[in-house]
Amino acid sequence: MGGESKFGVVKVYEDTIELPTYLIKGENPNPVFRSQYGVALIYPYTLLDHIDSRPTLKKYRTLVLENAYLRVTVIPDLGGRVYSVFDKVSQAEVFYKNNVVKFSPLAIRGAFFSGGIEFSFPVAHAPTTADPVNWSIRQNADESASISFGGIEHLSRMRWMVTLSLFPDRCALAQDVTLANPYFLPGRFHYWTNASLDADDQTEFIYPFHRARSYEFAGSAPWPMARLDLIRDDPGLPGMEGTPKWPVDIMHDPLNLRWQKNILTHLSVFGRDITWNFFGAWQHSKNRGYVHCADPRYVAGMKLWSWGNAPIGIVNQSALTDDGSLYAETQCGALETQLDFDFLSPFATKSWREWWVPLRGINGVSCANEDIAVNVRLIPTYQDPYSYQLMLGVCPARAFQGVEIVLRTPNQVLISEKKSIAPEHPVQMSREVNTRVIADKPLIVQIFDAQGNTLLEYVFDRKPARQEHEKEAPKTFVPTTRSYYEQGLYYEKLDQRDHAIAYYCKALEEDPNHPLANLRLGLLYVRAADFQRASRHLQTALLNSLNDAHYFLGFIATQQNNIEDAFDHFRSLPTTSDLYLPALVNIAGLLVRQNNLEEALATIRRVLEAKPDVAILQVLLGTLYRKAGNSTKAAESLARVIQMDPLNHAALWELGLITGDEQYHQTLTRLLNDDRQYILDLAGYYIGLGCYEDALQVLSRYKTLYAYPMMGYLGYWICHSLGHEAQAREWYQWALDCKPDFCFPSRLEEILALLTAIKHHPDDYKAHYYLGNFLYARQRYDEAIQCWEKAAQGLNNFDVLYRNLGWAMWKYKNDSLRAVEYFEQALAINPLNQDLYLHLDDLYKGLGRQDNRKRLLERIEALPDLREDVRKRRVLMLVELGEEEKALHIMQSEKFVPLEMDQTFHDVYVKALLQRAEKHLNAGQVEQAIEDYHQALEYPINLGVGQPPDLKQAQIYYLLGLAYEQIGRYQEALDAWYCAAKEYHPSHSEFYPYVEYALDKINRYTELGLEPSEANRKNQSHH
């Protein structure tokens, strides 16, 4: 219905909110060559792993959308998190709203906080989840309003933007997602949206898929009613991360995992073969919920994450909130799971729309689309076996007059009513049915508007789902050229580059001419700026008829300024190639280098005929028009860009140049301040187009904003390339004057600049250090070590350099002694670099240097502000060095932060008590030892580790039984051994022998007529 007069214009505005925040105390100063948080390779991003233990009230900017039904609040400085969606009809929050920003080490950079809706690109729990992102708000001509936010990720140089919109007459939030690759090389990605909801015993998860799967495909299982033992070789449900941890005695019971109350411990499940367009959740205690709707061609992933109801999950959530609130997550993504990745082609864009629809008053959801949700329920009347009440509820996202609501079988109408419905007026209807009429026939829901148009149609066919009994891949790896290549591609998609390179190389050992293995390996070397090796493999691919290799050889030639070779390669790509249009963009850049602007413009217009809605192409067109002196057409093209992409840095810069309107530069400066690395990306845009003077202009304008060494090296390189030697010297000196902290170059332009600097200034120790960081991050380990060793000749007071050398000796060279030397040198320079204590402790322990560990422990204890992982390591060191009494005092008096589903710190607690108990026994203090064993069975909440459902206490119970036996308390000894014997552990487990020992001890006492109390009770019940 038209709603202008009734509903008014949607409001969008800026506001602020104050929230208690556990502040991040700064970035970790060390480059991340392998992260411990989920995604290992996150260079050039740093870790955010030092978090304040006490909250500070912090004011955040908010962006607010508001219509008659909803108020949506976004916090752009927290990754664009949707903090709140308030439903004015229900007068309640739609999603879980956390009243504190409590960072915990769960995301790929460490810091993560819970609540609202999170957006993740190019990996889950994105690198910007705790960082500021770009944003813009606008009022639209159709009286809707929008908030756009996003940014450029630094792993592959791709852009993401989410636009949230409210419409005057809709109780629904539109979410438009745009993923774009504005760079010359393919980018690895996936995209996920993560919506949190309050979780209690009345929470129902609504997922229409029929089978569930896991991250690693190991078959699938029925959903939502499932049995956890229905998989060969592994107790647990495929697709249910955590369920192998469930107690063995319930593995055979069918469980309805649609309900939070049935989820014992943490659960992570993905839908298999998604063809449905909706999922959601319902809070039955409040009779409200929501659905998410999207086209499964674009949103192929559905995921449920629950912490479960066991103490381990409840305690873990205390790391994220202060009020004891519990939540779960309903997620969706572009690919089926969060271990599925794809590559976004150069200059390609993916975009789609999703909807979040708050609902109420219909007791659940059975099917939905962005306009209407329907709940269908069959409820037995218990009058006779065939008598059921058929319930039908309808809640729309907008008002409809005179809709026809039909529920039928293929040959009989069961319910048919005409109703006027609105978000504030959901309807319910029912009738008694004889199920012999329905039998096994499909149930069909149809809703028609007043003109007879179908608003929703859904069929409940009740057919069993297709079963999958076998894994997709064979259990035994068969070494062939093809299988080596496929394994290499598998690991490349996971960004496990060492494995990918190794498997591609094995494929080439079998068949040196394998075209795809040569292409993929060549591309990995291109990304690593190893153009010589890349060219060899790409030429081999080309000789074996893989024409796409022309594109990457053309790219290499461009980087090496071999313009004619580049032209030849790009022009050799056939029109059928997926890289043909990107090749034309490259050709346009080459033409710009030759100052042939007319032909460059013609080339970009040709690409735009095929891809008219790609923003980066419109920006290129506007840039070329401006350079050709046609400001009018340039402005027209760039205005189209800003309309579809208000966060486009290059478009804002260009409009500032063309119009002279300082407002464009002010907006751009605000965006660049969100992440000053964006300045290098903007300069990189012009470098890639061959517009070196423009790139230099960008660097010059913003050099006072960002004193970062690579700004200077890029300026130096550009000026040197242009023959401006006086300016080059100024830029070079500017680079030298910058501090080396947090300088982690990642763009190929930066590497070319560093190589040029080193060529002309071979004793530039900083340039060697920066280059070494890139090379090591790109698996060029030996060359990186050489760079760092050269840098050490002049940067002998820089701890991060020696830390890097120590890391390389340890992790790559396997030379623990040299690693220790470098780490000790780094620690002497900077005792506050807390990573060094962890590294040295690991090495000292491996080398058996207990005295070194003791001295290191003294230094840790003298630090003014311990990071959480170092706090826990301190306790572990005390225990392993025999100071368990001191360790136990700390563990009993201090509070520790949970680490996601991690039990290891509780293991330290147990180890300390077992050590103390052993000393008590040696001193003849058996009663005190018994007290220690009983304490070891506990899970003190201050340790941040809750009790899991799968207990591993067989050793403790066995030792407890021995202690009771020593003082003649046989019944208590038998009962303790019985507890040990009841635990389930595979035969290869470290706990399995204690199960056997306990059974042996019980058996010896049965020979004397004694049995455990529980066994006695069971025996008596059988008589």
# chains A, B, ... in the order shown; residues from 1 in each chain; ligands from 1
>>> residues_around(residues="Cys293 of chain A", least_positions_apart="6", cutoff="10 Å", atoms="only C-alpha atoms", output="MDAnalysis selection string")
chainID A and resid 174 276:280 299 332 353:357 368:371
>>> write_last_selection(atoms="all heavy atoms", output="compact mmCIF listing (two decimals), in the first residue's frame")
# COMPACT_ATOMS: atom_id res chain seq x y z
N ALA A 174 16.32 -3.59 5.32
CA ALA A 174 16.99 -4.06 4.11
C ALA A 174 18.50 -3.95 4.30
O ALA A 174 19.00 -2.95 4.81
CB ALA A 174 16.55 -3.24 2.90
N TRP A 276 16.65 -22.73 0.40
CA TRP A 276 15.58 -21.98 1.06
C TRP A 276 16.00 -20.51 1.18
O TRP A 276 17.17 -20.18 1.25
CB TRP A 276 15.31 -22.55 2.44
CG TRP A 276 14.80 -23.96 2.40
CD1 TRP A 276 13.51 -24.38 2.40
CD2 TRP A 276 15.61 -25.15 2.34
NE1 TRP A 276 13.44 -25.75 2.35
CE2 TRP A 276 14.72 -26.26 2.31
CE3 TRP A 276 16.98 -25.40 2.31
CZ2 TRP A 276 15.16 -27.56 2.26
CZ3 TRP A 276 17.42 -26.71 2.26
CH2 TRP A 276 16.51 -27.78 2.23
N ASN A 277 15.00 -19.65 1.25
CA ASN A 277 15.29 -18.22 1.26
C ASN A 277 15.09 -17.57 2.63
O ASN A 277 15.08 -16.35 2.74
CB ASN A 277 14.43 -17.48 0.23
CG ASN A 277 12.95 -17.51 0.61
OD1 ASN A 277 12.53 -18.31 1.44
ND2 ASN A 277 12.16 -16.64 -0.01
N PHE A 278 14.93 -18.39 3.69
CA PHE A 278 14.67 -17.79 5.00
C PHE A 278 15.27 -18.66 6.10
O PHE A 278 15.50 -19.85 5.93
CB PHE A 278 13.17 -17.63 5.25
CG PHE A 278 12.46 -18.94 5.54
CD1 PHE A 278 12.25 -19.35 6.85
CD2 PHE A 278 12.03 -19.75 4.51
CE1 PHE A 278 11.63 -20.57 7.12
CE2 PHE A 278 11.40 -20.96 4.76
CZ PHE A 278 11.20 -21.37 6.08
N PHE A 279 15.54 -18.03 7.22
CA PHE A 279 15.80 -18.70 8.49
C PHE A 279 15.50 -17.68 9.57
O PHE A 279 15.26 -16.49 9.29
CB PHE A 279 17.24 -19.22 8.59
CG PHE A 279 18.27 -18.13 8.71
CD1 PHE A 279 18.63 -17.61 9.94
CD2 PHE A 279 18.89 -17.62 7.57
CE1 PHE A 279 19.58 -16.59 10.04
CE2 PHE A 279 19.83 -16.61 7.67
CZ PHE A 279 20.19 -16.09 8.91
N GLY A 280 15.53 -18.08 10.83
CA GLY A 280 15.26 -17.11 11.89
C GLY A 280 15.25 -17.74 13.26
O GLY A 280 15.86 -18.78 13.49
N VAL A 299 23.19 -16.03 -1.17
CA VAL A 299 23.43 -16.31 0.25
C VAL A 299 23.23 -17.81 0.44
O VAL A 299 22.13 -18.28 0.72
CB VAL A 299 22.48 -15.48 1.15
CG1 VAL A 299 22.77 -15.75 2.62
CG2 VAL A 299 22.65 -13.99 0.84
N CYS A 332 24.56 -16.11 8.33
CA CYS A 332 24.39 -16.47 6.92
C CYS A 332 25.57 -15.94 6.14
O CYS A 332 26.23 -14.97 6.54
CB CYS A 332 23.08 -15.89 6.36
SG CYS A 332 22.94 -14.12 6.53
N ARG A 353 20.76 -8.32 -1.98
CA ARG A 353 19.97 -7.74 -0.89
C ARG A 353 19.53 -8.85 0.07
O ARG A 353 19.12 -9.94 -0.36
CB ARG A 353 18.76 -6.99 -1.41
CG ARG A 353 17.76 -6.57 -0.33
CD ARG A 353 16.75 -5.54 -0.81
NE ARG A 353 17.37 -4.21 -0.90
CZ ARG A 353 16.70 -3.10 -1.19
NH1 ARG A 353 15.40 -3.16 -1.41
NH2 ARG A 353 17.32 -1.94 -1.27
N GLU A 354 19.60 -8.54 1.36
CA GLU A 354 19.06 -9.39 2.41
C GLU A 354 18.05 -8.58 3.21
O GLU A 354 18.09 -7.35 3.21
CB GLU A 354 20.19 -9.89 3.33
CG GLU A 354 21.34 -10.56 2.59
CD GLU A 354 22.50 -10.93 3.50
OE1 GLU A 354 22.27 -11.24 4.69
OE2 GLU A 354 23.65 -10.89 3.03
N TRP A 355 17.16 -9.29 3.90
CA TRP A 355 16.14 -8.63 4.73
C TRP A 355 16.15 -9.23 6.13
O TRP A 355 16.26 -10.45 6.29
CB TRP A 355 14.74 -8.81 4.15
CG TRP A 355 14.44 -8.04 2.90
CD1 TRP A 355 14.59 -8.48 1.61
CD2 TRP A 355 13.94 -6.70 2.82
NE1 TRP A 355 14.22 -7.49 0.73
CE2 TRP A 355 13.80 -6.39 1.44
CE3 TRP A 355 13.58 -5.75 3.76
CZ2 TRP A 355 13.32 -5.17 0.99
CZ3 TRP A 355 13.10 -4.52 3.31
CH2 TRP A 355 12.98 -4.24 1.95
N TRP A 356 16.00 -8.35 7.13
CA TRP A 356 15.74 -8.79 8.51
C TRP A 356 14.32 -8.32 8.85
O TRP A 356 14.02 -7.13 8.79
CB TRP A 356 16.74 -8.17 9.48
CG TRP A 356 18.15 -8.62 9.24
CD1 TRP A 356 19.11 -7.95 8.55
CD2 TRP A 356 18.73 -9.84 9.68
NE1 TRP A 356 20.28 -8.69 8.54
CE2 TRP A 356 20.08 -9.85 9.22
CE3 TRP A 356 18.27 -10.94 10.42
CZ2 TRP A 356 20.96 -10.90 9.48
CZ3 TRP A 356 19.14 -11.98 10.68
CH2 TRP A 356 20.46 -11.96 10.22
N VAL A 357 13.46 -9.27 9.21
CA VAL A 357 12.04 -8.97 9.41
C VAL A 357 11.64 -9.34 10.84
O VAL A 357 11.53 -10.53 11.16
CB VAL A 357 11.15 -9.73 8.41
CG1 VAL A 357 9.70 -9.28 8.54
CG2 VAL A 357 11.64 -9.54 6.98
N ALA A 368 8.60 -18.18 5.30
CA ALA A 368 8.59 -16.72 5.25
C ALA A 368 9.26 -16.24 3.97
O ALA A 368 10.02 -16.95 3.33
CB ALA A 368 9.32 -16.14 6.46
N ASN A 369 8.94 -14.98 3.62
CA ASN A 369 9.73 -14.22 2.68
C ASN A 369 9.83 -12.80 3.21
O ASN A 369 9.44 -12.54 4.37
CB ASN A 369 9.17 -14.28 1.25
CG ASN A 369 7.76 -13.72 1.15
OD1 ASN A 369 7.34 -12.89 1.95
ND2 ASN A 369 7.02 -14.18 0.15
N GLU A 370 10.33 -11.87 2.43
CA GLU A 370 10.56 -10.53 2.95
C GLU A 370 9.24 -9.77 3.23
O GLU A 370 9.27 -8.73 3.89
CB GLU A 370 11.43 -9.71 2.00
CG GLU A 370 10.83 -9.43 0.65
CD GLU A 370 11.19 -10.47 -0.38
OE1 GLU A 370 11.46 -11.64 0.02
OE2 GLU A 370 11.20 -10.14 -1.59
N ASP A 371 8.13 -10.29 2.75
CA ASP A 371 6.84 -9.62 2.96
C ASP A 371 6.01 -10.22 4.08
O ASP A 371 5.31 -9.51 4.80
CB ASP A 371 6.00 -9.65 1.67
CG ASP A 371 6.51 -8.68 0.62
OD1 ASP A 371 6.93 -7.58 1.00
OD2 ASP A 371 6.51 -9.04 -0.57
>>> residues_around(residues="Asp87 of chain A", least_positions_apart="2", cutoff="10 Å", atoms="only C-alpha atoms", output="PyMOL selection string")
chain A and resi 68-72+84-85+89-95+171-172+358-360
>>> write_last_selection(atoms="C-alpha atoms", output="compact mmCIF listing (two decimals), in the first residue's frame")
# COMPACT_ATOMS: atom_id res chain seq x y z
CA ALA A 68 7.20 4.09 12.33
CA TYR A 69 8.13 0.49 13.17
CA LEU A 70 11.87 0.22 13.85
CA ARG A 71 14.83 2.14 15.24
CA VAL A 72 18.21 0.85 14.06
CA SER A 84 20.39 -2.29 18.32
CA VAL A 85 17.24 -2.94 16.29
CA VAL A 89 5.44 -2.55 17.80
CA SER A 90 6.66 -5.08 20.36
CA GLN A 91 8.50 -2.42 22.38
CA ALA A 92 11.51 -4.74 22.52
CA GLU A 93 14.94 -5.38 21.06
CA VAL A 94 14.92 -7.73 18.08
CA PHE A 95 18.48 -8.98 18.64
CA CYS A 171 8.65 -3.29 9.46
CA ALA A 172 11.81 -4.74 7.94
CA PRO A 358 10.93 -8.65 13.07
CA LEU A 359 7.78 -10.65 13.86
CA ARG A 360 5.33 -11.12 16.70
>>> select_by_dssp(residues="segment 290-536 of chain A", states="alpha helix (DSSP H)", output="ChimeraX atom specification")
/A:311-317,435-438,481-493,497-510,515-527,531-536
>>> write_last_selection(atoms="C-alpha atoms", output="CSV table (one decimal), in the first residue's frame")
chain,number,residue,atom,x,y,z
A,311,PRO,CA,28.8,-24.5,32.6
A,312,ILE,CA,31.6,-24.3,30.1
A,313,GLY,CA,29.5,-22.3,27.6
A,314,ILE,CA,27.9,-20.1,30.3
A,315,VAL,CA,31.3,-19.2,31.9
A,316,ASN,CA,32.8,-18.5,28.4
A,317,GLN,CA,30.1,-15.9,27.8
A,435,THR,CA,-5.8,-36.2,9.5
A,436,ARG,CA,-7.1,-39.0,7.3
A,437,VAL,CA,-8.0,-36.1,4.9
A,438,ILE,CA,-4.4,-34.9,5.0
A,481,THR,CA,49.1,-35.2,-10.3
A,482,ARG,CA,45.5,-34.2,-10.2
A,483,SER,CA,45.1,-35.0,-6.5
A,484,TYR,CA,48.2,-33.0,-5.6
A,485,TYR,CA,46.9,-30.1,-7.6
A,486,GLU,CA,43.5,-30.3,-5.9
A,487,GLN,CA,45.1,-30.4,-2.5
A,488,GLY,CA,47.1,-27.4,-3.4
A,489,LEU,CA,44.0,-25.5,-4.5
A,490,TYR,CA,42.2,-26.6,-1.3
A,491,TYR,CA,45.0,-25.2,0.8
A,492,GLU,CA,45.3,-22.0,-1.2
A,493,LYS,CA,41.6,-21.3,-0.7
A,497,ARG,CA,50.2,-21.1,1.6
A,498,ASP,CA,53.1,-23.3,2.7
A,499,HIS,CA,50.9,-26.4,2.1
A,500,ALA,CA,49.5,-25.0,-1.1
A,501,ILE,CA,53.0,-24.4,-2.5
A,502,ALA,CA,54.2,-27.8,-1.4
A,503,TYR,CA,51.3,-29.6,-3.1
A,504,TYR,CA,51.6,-27.6,-6.3
A,505,CYS,CA,55.3,-28.4,-6.4
A,506,LYS,CA,54.5,-32.1,-5.9
A,507,ALA,CA,52.0,-32.0,-8.8
A,508,LEU,CA,54.8,-30.4,-10.9
A,509,GLU,CA,57.2,-33.1,-9.9
A,510,GLU,CA,54.7,-35.6,-11.4
A,515,PRO,CA,49.0,-26.0,-16.7
A,516,LEU,CA,46.8,-25.3,-13.7
A,517,ALA,CA,49.4,-26.2,-11.1
A,518,ASN,CA,51.8,-23.9,-12.9
A,519,LEU,CA,49.2,-21.1,-13.1
A,520,ARG,CA,48.3,-21.3,-9.4
A,521,LEU,CA,51.9,-21.5,-8.2
A,522,GLY,CA,52.8,-18.7,-10.5
A,523,LEU,CA,50.0,-16.5,-9.1
A,524,LEU,CA,51.2,-17.2,-5.5
A,525,TYR,CA,54.7,-16.0,-6.6
A,526,VAL,CA,53.2,-12.9,-8.2
A,527,ARG,CA,51.6,-12.0,-4.9
A,531,PHE,CA,58.3,-12.1,-10.5
A,532,GLN,CA,61.1,-14.2,-11.9
A,533,ARG,CA,59.8,-17.5,-10.5
A,534,ALA,CA,56.2,-16.5,-11.3
A,535,SER,CA,57.1,-15.9,-14.9
A,536,ARG,CA,58.7,-19.3,-15.3
>>> closest_residue(among="A:Leu597, A:Leu857, A:Ala124, A:Ala145", to="Leu335 of chain A", atoms="only C-alpha atoms")
A:Ala124
>>> closest_residue(among="A:Ala808, A:Ile587, A:Val64, A:Met711", to="Pro76 of chain A", atoms="only C-alpha atoms")
A:Val64
>>> residues_around(residues="Glu18 of chain A", least_positions_apart="4", cutoff="9 Å", atoms="only C-alpha atoms", output="count of residues only")
5
>>> residues_around(residues="segment 780-792 of chain A", least_positions_apart="2", cutoff="7 Å", atoms="only C-alpha atoms", output="MDAnalysis selection string")
chainID A and resid 765:766 768:769 771:773 775:776 778 794:796 801 805
>>> closest_residue(among="A:Ser351, A:Thr46, A:Thr756, A:Gln560", to="Ala294 of chain A", atoms="only C-alpha atoms")
A:Ser351
>>> residues_around(residues="Ile751 of chain A", least_positions_apart="4", cutoff="9 Å", atoms="only C-alpha atoms", output="number ranges by chain")
A: 529, 745-747, 755-756, 770-771, 774
>>> write_last_selection(atoms="N, CA and C atoms", output="compact mmCIF listing (two decimals), in the first residue's frame")
# COMPACT_ATOMS: atom_id res chain seq x y z
N ALA A 529 55.65 -10.99 -4.98
CA ALA A 529 56.59 -10.13 -5.72
C ALA A 529 57.81 -10.90 -6.21
N PRO A 745 54.74 -3.44 5.22
CA PRO A 745 54.29 -3.25 3.83
C PRO A 745 53.65 -4.52 3.28
N SER A 746 52.62 -4.33 2.44
CA SER A 746 51.92 -5.49 1.89
C SER A 746 51.57 -5.33 0.42
N ARG A 747 51.61 -4.11 -0.11
CA ARG A 747 51.23 -3.87 -1.50
C ARG A 747 52.45 -4.03 -2.40
N LEU A 755 62.59 -2.02 -3.13
CA LEU A 755 63.67 -2.59 -3.94
C LEU A 755 64.46 -1.48 -4.65
N THR A 756 63.75 -0.46 -5.11
CA THR A 756 64.43 0.67 -5.75
C THR A 756 65.31 1.40 -4.73
N TYR A 770 61.89 -3.50 6.47
CA TYR A 770 60.51 -3.49 5.95
C TYR A 770 60.33 -4.56 4.88
N LEU A 771 61.30 -4.67 3.99
CA LEU A 771 61.21 -5.67 2.93
C LEU A 771 61.19 -7.07 3.52
N PHE A 774 57.70 -8.17 4.62
CA PHE A 774 56.86 -8.63 3.51
C PHE A 774 57.29 -10.01 3.03
>>> residues_around(residues="segment 635-645 of chain A", least_positions_apart="2", cutoff="7 Å", atoms="only C-alpha atoms", output="compact mmCIF listing (two decimals) with N, CA and C atoms, in the first residue's frame")
# COMPACT_ATOMS: atom_id res chain seq x y z
N ALA A 615 31.40 0.16 -9.92
CA ALA A 615 31.81 1.50 -9.52
C ALA A 615 33.24 1.82 -9.93
N GLN A 618 33.49 3.09 -13.40
CA GLN A 618 33.00 4.46 -13.53
C GLN A 618 34.03 5.47 -12.99
N VAL A 619 34.72 5.09 -11.92
CA VAL A 619 35.76 5.97 -11.37
C VAL A 619 36.89 6.12 -12.38
N LEU A 621 36.65 5.87 -15.56
CA LEU A 621 36.15 6.71 -16.65
C LEU A 621 36.22 8.19 -16.25
N GLY A 622 35.76 8.48 -15.02
CA GLY A 622 35.80 9.86 -14.57
C GLY A 622 37.22 10.40 -14.49
N SER A 631 35.86 18.02 -17.92
CA SER A 631 35.41 18.03 -16.53
C SER A 631 33.93 17.72 -16.40
N THR A 632 33.13 18.11 -17.37
CA THR A 632 31.69 17.89 -17.30
C THR A 632 31.37 16.40 -17.29
N LYS A 633 31.93 15.68 -18.27
CA LYS A 633 31.67 14.24 -18.32
C LYS A 633 32.30 13.53 -17.13
N LEU A 647 31.19 5.82 -0.40
CA LEU A 647 32.44 5.71 0.35
C LEU A 647 33.65 5.56 -0.56
N ASN A 648 33.49 5.85 -1.83
CA ASN A 648 34.57 5.63 -2.79
C ASN A 648 35.60 6.75 -2.70
N ALA A 651 36.68 8.50 -6.07
CA ALA A 651 35.64 9.38 -6.62
C ALA A 651 35.58 10.69 -5.85
N LEU A 655 36.34 14.32 -7.51
CA LEU A 655 35.35 15.40 -7.47
C LEU A 655 35.90 16.65 -6.79
